[in-house]
Each structure stands twice: as structure tokens, then as C-alpha cells.
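One structure is given here, and the rest of the page talks about it.
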Amino acid sequence: MSLCELSAIEIAAKVRRREVSAAEVLDAHIERIERYDQVLNCFTDLTFDRAKREAAHVDFQIAAGRNPGPLAGVPIAVKNLFDVRGLATRAGSKIFRDAPPASDDAPILKRLTNAGAVLLGTLNMDEFAYGFVTENAHDGATRNPHDTARIAGGSSGGSAAAVASGLAAITLGSDTNGSIRLPAGLCGIFGLKPTYGRIDRAGTFPFVDSFDHLGPFARSSADLTLAYDLLQSGDKPDAVLPVQGARVASLDDWFVQSASAEMLDAVAAVAKGLGATQRVTLPEAERARAAAFCITAFEGGQLHKQNLIMRPEDFDAATRPRLIAGALQPAETILQAQKFRAWFLAQAKIIFERFDLLLAPATPCTAPLVGQKTMMLNKVEVAVRPNLGLYTQPISFIGLPVVCVPVTGGGLLPRGVQIIAGPGRERQALAAAAMLERDGVVAAPVATPV
Amino acid sequence: MSEADYLRAASALLGLPIRPEHEQEVREAFAVISAQARLVTEFALPDDVEAAPRFTP
């Protein structure tokens with residue numbers, strides 16, 4: 001097995017045992033990036049000089065008998081909305097390409113590098129995180145390592161494709177309406193969207209204050225859990241919640257109506273793996289998705305209002321009209337949407353009195369083609385871009401933690417399944433992901449781009 | 001009032017001009033948002049539901 005196929009935990013263990021140096025691990029990843037990223041287009045900035053210094057520091061610490069941390073020599077990368085010292089935080093835009101470079105790393109990036117991680121660079125995304133496809137007008141499309149004719153998903157498409165293809169062991173992304181879960185599912189890896197407010201957003205470019213979350217991508221549930229533990233702001237560790245005996249149900253109604261048969265098969269496989277036989281309805285999920293849609297357009301539009309006035313021509317044409325139209329919505333819609341948010345969370349909490357974990361597809365279908373405009377859902381032709389997030393938006397709307405697990409193999413494209421927990425119960429969803437991985441129900445083998 | 005009339009009025013009132021070459025795409029985007037907004041505003045919420053954002057001094 002090559003160094004690029006190892007999990008983060010395996011890499012760090014080998015580095016700490018001096019079976020391999022952090023510099024050798026880095027060289028292997030640089031070689032793989034140089035070989036495959038011309039096709040995949042995951043990276044927007046490469047920080048190899050910095051990475052060499054960080055790897056050398058890890059090797060120095062080990063030689064001196066010190067422990068560099070649980071991510072010793074692990075190559076990581078971040079979506080290009082995270083502050084990285086010395087780089088402009090562009091958030092996928094042309095407008096901020098020439099912004100002054102960040103004076104420091106985002107605090108959660110520091111949490112990983114302080115644990116011994118080595119930063120390879122920053123990663124492609126939809127402009128201002130407003131999209132599900134990572135077909136960026138300024139930086140190009142990121143391609144899915146399982147089929148490079150297809151999208152990686154978005155908006156954290158570079159983050160997902162980099163991990164899926166073995167260019168990095170762990171990456172960070174953001175999720176406002178599905179931007180971690182959706183690309184994780186389409187690229188066949190693990191992704192965590194923690195509870196709203198759980199992870200410090202300082203040093204990252206915002207999109208929608210009401211819904212913005214940050215979180216990690218990885219190829220194993222153990223790596224995902226380790227990253228989550230390192231990223232948390234709180235000093236008090238989470239209680240470890242058992243998955244044995246957990247009450248699990250699959251969401252029906254909205255969460256099955258438009259899903260393809262292969263996506264429903266994936267949910268059924270995960271349900272079987274967790275011993276779930278019951279179905280439950282999260283009422284008015286379609287309206288929850290609609291409310292998230294309106295608030296997103298409004299807050300995003302208001303955030304970028306000055307640039308929409310001064311230099312609208314510099315926006316991605318896929319982003320600009322939605323931001324302008326969103327900013328001009330009547331206040332009544334936004335107030336009602338925020339009220340609906342409180343009502344919808346109350347409905348979810350009623351369900352969590354009966355169940356511990358809920359299951360739903362991450363996407364209605366597997367990865368569409370790059371450039372594909374429409375797709376068939378439930379025998380109706382719909383636009384690809386706004387409809388990939390049908391099943392993720394209602395959940396991030398109320399800030400619930402979700403682990404997206406990859407159902408891969410069988411000659412099919414990867415299919416992501418959301419394991420949704422009650423607020424603050426990330427650990428239980430992570431434990432469920434670990435059990436499924438142990439039992440071979442889910443897996444994220446490195447994909448060699450084809 | 002049509003959606004196009006509303007957009008022109010809101011654009012002027014809120015000081016967010018829409019360039020002529022962007023009018024069509026903004027109208028289309030607003031139509032999509034409006035369809036979603038109707039799902040939200042037509043739903044009868046209990047009177048005691050408070051909006052979700054909290055101000056914590």
C-alpha cells in the first residue's frame with residue numbers, strides 16, 4: 001500500500017515509529033498531486049515550501065525524542081475560504097484574488113498543524129460557497145476521481161476530491177446547505193458536518209451566518225473522529241455515546257420521493273447495517289428546504305451587496321443573479337423563514353425522543369456530468385445545481401450533526417448516506433459510521449482518477 | 001404588481017442596481033426564489049413561534 005493510501009492515523013503512527021519520515025510522506029503526496037491534479041483540479045494554491053518546513057519540523061521533533069502530535073506528518077489541505085498565512089482568502093472568487101494575504105492561519109487550521117499536520121495548499125470550491133457542483137468560473141471544475149467526466153460536488157469539491165484521490169489524508173471544508181455532505185457522498189469518502197456552533201468559524205470567509213458550519217473530510221471514520229476531536233473549541237470532551245442499541249430510523253416522505261433506486265439501496269444497506277427497520281417522517285421538510293433556500297440567498301446577497309453594486313461583472317455568472325435576487329427579497333419571507341426554522345427544529349426534537357439516529361440519502365442521485373444542466377428526478381426534468389441539495393438543506397437548516405458515510409463498490413458510482421444525530425451528539429453518528437466501516441458496509445478506498 | 005415591477009422597485013429602494021445585461025438572469029433567479037418563498041409564507045405557524053436568530057448581549 002502506498003503512503004498516499006494510508007489513513008491519517010496510520011501515517012502518523014509510521015512517522016512516530018520512524019518507519020517513514022514526514023518528509024517522505026510529503027514527497028509521496030507532492031508526487032501524486034503533480035501526477036493527478038492537472039486532471040482533477042482540486043488545488044487552487046500549493047504551499048509546498050511551507051509543507052517542507054512543517055515536515056522537517058516534525059522529523060526534527062521525533063529525532064529529539066518529542067511527540068509531534070496525533071497528526072505527525074499527515075498531509076492536509078483546506079478549502080480556499082480558510083485563512084492561510086501568506087495567501088489571499090479568495091473564497092472561490094475573482095474579487096478577493098488580490099486581497100491582502102492573511103496574516104495568520106484560521107484557528108482550526110492551527111489546531112491541525114499544532115497536532116503535527118503538514119499543509120499542502122488550498123482547495124477549489126464554488127464561488128463564495130454558493131453551489132453544489134464546484135464548477136468555478138474562475139478556477140475551473142473539480143472532477144470526481146471515480147469518473148473524471150463527473151462533478152465532485154460542492155461547494156467543498158476540491159476538499160472531497162483531494163481526499164478521495166489520495167492527494168491529502170484529511171481536508172477541511174464548510175457546509176452551509178450540504179457543502180461537506182454532498183461532495184463527500186459523490187466522491188465516496190467520510191464527511192462530518194458538526195452541530196451548528198460546535199466548531200469555531202474564526203478566520204474563515206463567511207457565507208450565511210445562520211447556517212455556516214466547518215468540518216473535516218477523511219477516508220476512515222477513525223480519521224474523521226480524530227479530526228473532529230482536534231477541531232472542537234470546547235475544553236470539555238464529548239461524552240462517548242454507544243451505537244449498540246441505538247434507535248435508528250430511515251427518513252421517508254421528502255427524503256425518498258425524488259431519490260434514485262440506487263440511492264435508496266444505499267440507505268437500505270446502511271439501515272440494515274445499523275439494524276434499523278423503522279421509517280419516520282420529518283414533517284414539512286420541503287418547506288424547511290425552501291426556507292433555507294430563501295435565507296441563504298438573502299444573507300449571501302446582503303453580505304456581498306457592496307461588490308454586487310460596484311463590480312457585478314466580476315462575479316461568477318452562476319452566483320451573481322442568485323445573490324442579487326436574494327438580497328432583494330421582502331423582509332416578510334426572511335422573518336417567516338426564521339420562524340419556521342424554530343418550528344421545524346421543534347418537530348425534529350420530537351422525533352429524537354423516539355430515535356437516536358436518522359438516515360437519509362446525501363444526494364438524490366450519483367454524480368452528474370461536468371457541465372450537465374438538468375437531470376431526471378422522479379420522472380421530472382429539473383435543474384442540477386439547485387436540486388442536488390434537496391436532502392441536505394433541511395438538516396443544516398436546523399444545525400443537526402451529520403456524518404456522511406460512503407457506500408462504494410459494486411461497479412456503481414459512490415453513494416453517500418447521511419447519519420443524522422440530535423444536537424451535540426456527533427459521537428453517536430461517528431460511532432455508527434465506525435461500526436458500518438468495521439462491518440464492511442461503508443468504505444472509502446483511494447480512487448485512482450480515470 | 002409583477003415580479004419584474006417589484007424587482008425594479010426593490011432595486012431602487014435598496015440601492016442595489018441591476019445592470020440591463022443582468023436583468024433577465026436576476027428575474028429568473030427571483031422567480032425560483034419566489035416559488036420557494038411561497039412554500040414558506042403560505043404555512044400557518046403558531047402565533048407563539050419566535051424567529052430563530054438570537055441576540056445575546
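Numbering starts fresh at 1 for the residues of each chain in the C-alpha cells, the chains themselves are lettered A, B, ... in the order given, and ligands are numbered from 1 as they appear.
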
Set the cut-off to 9 Å and count only C-alpha atoms: what are the residues of chain B that reach chain A? Output as a count of residues only. 36

So how many Å separate atom CA of A:Pro449 and atom CA of A:Thr142, to one decimal?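 For atom CA of A:Pro449 relative to atom CA of A:Thr142, the distance reads 11.9 Å.
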
Filtered DSSP result for chain B, state alpha helix (DSSP H), as a PyMOL selection string: chain B and resi 3-14+23-41

Restricted to C-alpha atoms, what would the selected residues look like written as a compact mmCIF listing (two decimals), in the first residue's frame?
# COMPACT_ATOMS: atom_id res chain seq x y z
CA GLU B 3 -42.23 40.28 -10.04
CA ALA B 4 -40.39 42.44 -12.58
CA ASP B 5 -42.05 45.58 -11.18
CA TYR B 6 -41.23 44.50 -7.63
CA LEU B 7 -37.59 43.89 -8.56
CA ARG B 8 -37.28 47.34 -10.15
CA ALA B 9 -38.83 48.99 -7.09
CA ALA B 10 -36.79 46.99 -4.57
CA SER B 11 -33.61 47.57 -6.54
CA ALA B 12 -34.19 51.35 -6.44
CA LEU B 13 -35.31 51.45 -2.80
CA LEU B 14 -32.48 49.27 -1.51
CA GLU B 23 -31.90 41.84 -15.70
CA GLN B 24 -33.04 38.60 -17.30
CA GLU B 25 -30.87 36.34 -15.15
CA VAL B 26 -31.91 38.17 -11.98
CA ARG B 27 -35.60 37.88 -12.94
CA GLU B 28 -35.15 34.14 -13.46
CA ALA B 29 -33.34 33.73 -10.14
CA PHE B 30 -36.01 35.75 -8.35
CA ALA B 31 -38.73 33.56 -9.84
CA VAL B 32 -37.01 30.46 -8.42
CA ILE B 33 -36.63 32.11 -5.00
CA SER B 34 -40.23 33.33 -5.06
CA ALA B 35 -41.52 29.83 -5.68
CA GLN B 36 -39.60 28.66 -2.61
CA ALA B 37 -40.74 31.70 -0.61
CA ARG B 38 -44.39 30.84 -1.28
CA LEU B 39 -43.86 27.46 0.39
CA VAL B 40 -42.62 29.30 3.45
CA THR B 41 -45.11 32.17 3.69

Please provide as a ChimeraX atom specification all residues within 8 Å of A:Ala91, with the sequence filter that same-chain residues fewer than 2 positions apart are discarded (counting only C-alpha atoms). /A:79-82,89,93,96,125,127-129,205

Go through stretch 310-437 of chain A and collect every residue that DSSP, computed from the backbone, puts in strand (DSSP E); the answer should be as an MDAnalysis selection string. chainID A and resid 357:361 374:377 380:383 402:409 412:421

File dump, residues just selected, C-alpha atoms, as an mmCIF file, in the first residue's frame:
data_model
loop_
_atom_site.group_PDB
_atom_site.id
_atom_site.type_symbol
_atom_site.label_atom_id
_atom_site.label_comp_id
_atom_site.auth_asym_id
_atom_site.auth_seq_id
_atom_site.Cartn_x
_atom_site.Cartn_y
_atom_site.Cartn_z
ATOM 1 C CA LEU A 357 -30.128 8.440 14.643
ATOM 2 C CA LEU A 358 -31.903 9.173 11.372
ATOM 3 C CA LEU A 359 -30.826 8.095 7.886
ATOM 4 C CA ALA A 360 -31.281 9.853 4.563
ATOM 5 C CA PRO A 361 -29.532 9.968 1.201
ATOM 6 C CA THR A 374 -30.603 19.138 -15.935
ATOM 7 C CA MET A 375 -31.350 15.715 -14.509
ATOM 8 C CA MET A 376 -34.372 13.486 -14.088
ATOM 9 C CA LEU A 377 -35.767 13.248 -10.565
ATOM 10 C CA VAL A 380 -39.375 15.145 -13.855
ATOM 11 C CA GLU A 381 -36.554 17.085 -15.539
ATOM 12 C CA VAL A 382 -35.070 19.556 -13.049
ATOM 13 C CA ALA A 383 -32.002 21.792 -12.913
ATOM 14 C CA VAL A 402 -24.386 14.605 10.341
ATOM 15 C CA VAL A 403 -21.784 12.063 9.319
ATOM 16 C CA CYS A 404 -21.920 11.277 5.611
ATOM 17 C CA VAL A 405 -20.799 7.695 5.008
ATOM 18 C CA PRO A 406 -19.719 6.268 1.640
ATOM 19 C CA VAL A 407 -21.373 3.253 0.089
ATOM 20 C CA THR A 408 -18.943 2.222 -2.631
ATOM 21 C CA GLY A 409 -18.214 -0.726 -4.883
ATOM 22 C CA LEU A 412 -21.515 1.852 -9.148
ATOM 23 C CA LEU A 413 -20.502 5.434 -8.516
ATOM 24 C CA PRO A 414 -20.180 6.338 -4.812
ATOM 25 C CA ARG A 415 -23.363 6.994 -2.875
ATOM 26 C CA GLY A 416 -23.436 8.989 0.343
ATOM 27 C CA VAL A 417 -25.797 8.347 3.230
ATOM 28 C CA GLN A 418 -26.407 10.896 5.961
ATOM 29 C CA ILE A 419 -26.347 9.624 9.554
ATOM 30 C CA ILE A 420 -28.135 12.405 11.406
ATOM 31 C CA ALA A 421 -27.941 12.770 15.177
#

Give me the residues near stretch 115-124 of chain A as a ChimeraX atom specification, where near means some atom within 6 Å (using only C-alpha atoms) and where sequence neighbours in that chain fewer than 4 positions away do not count. /A:42-48,51,54,68-80,158-159

Closest of A:Thr363, A:Asn387, A:Ser103, A:Thr171 to A:Leu186 - atom-to-atom distances counting only C-alpha atoms: A:Thr363

Record the distance separating atom CA of A:Val370 and atom CA of A:Gly300, expressed in Å with one decimal.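 Computed distance, atom CA of A:Val370 to atom CA of A:Gly300, equals 24.9 Å.
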
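By chain and then residue number, the residues within 12 Å of A:Ile351 are A:Arg247, A:Val248, A:Ala249, A:Ser250, A:Leu251, A:Arg279, A:Val280, A:Thr281, A:Leu282, A:Pro283, A:Phe344, A:Leu345, A:Ala346, A:Asp356, A:Leu357, A:Leu358, A:Ile420, A:Ala421, A:Gly422, counting only C-alpha atoms and disregarding those fewer than 5 positions away in sequence.
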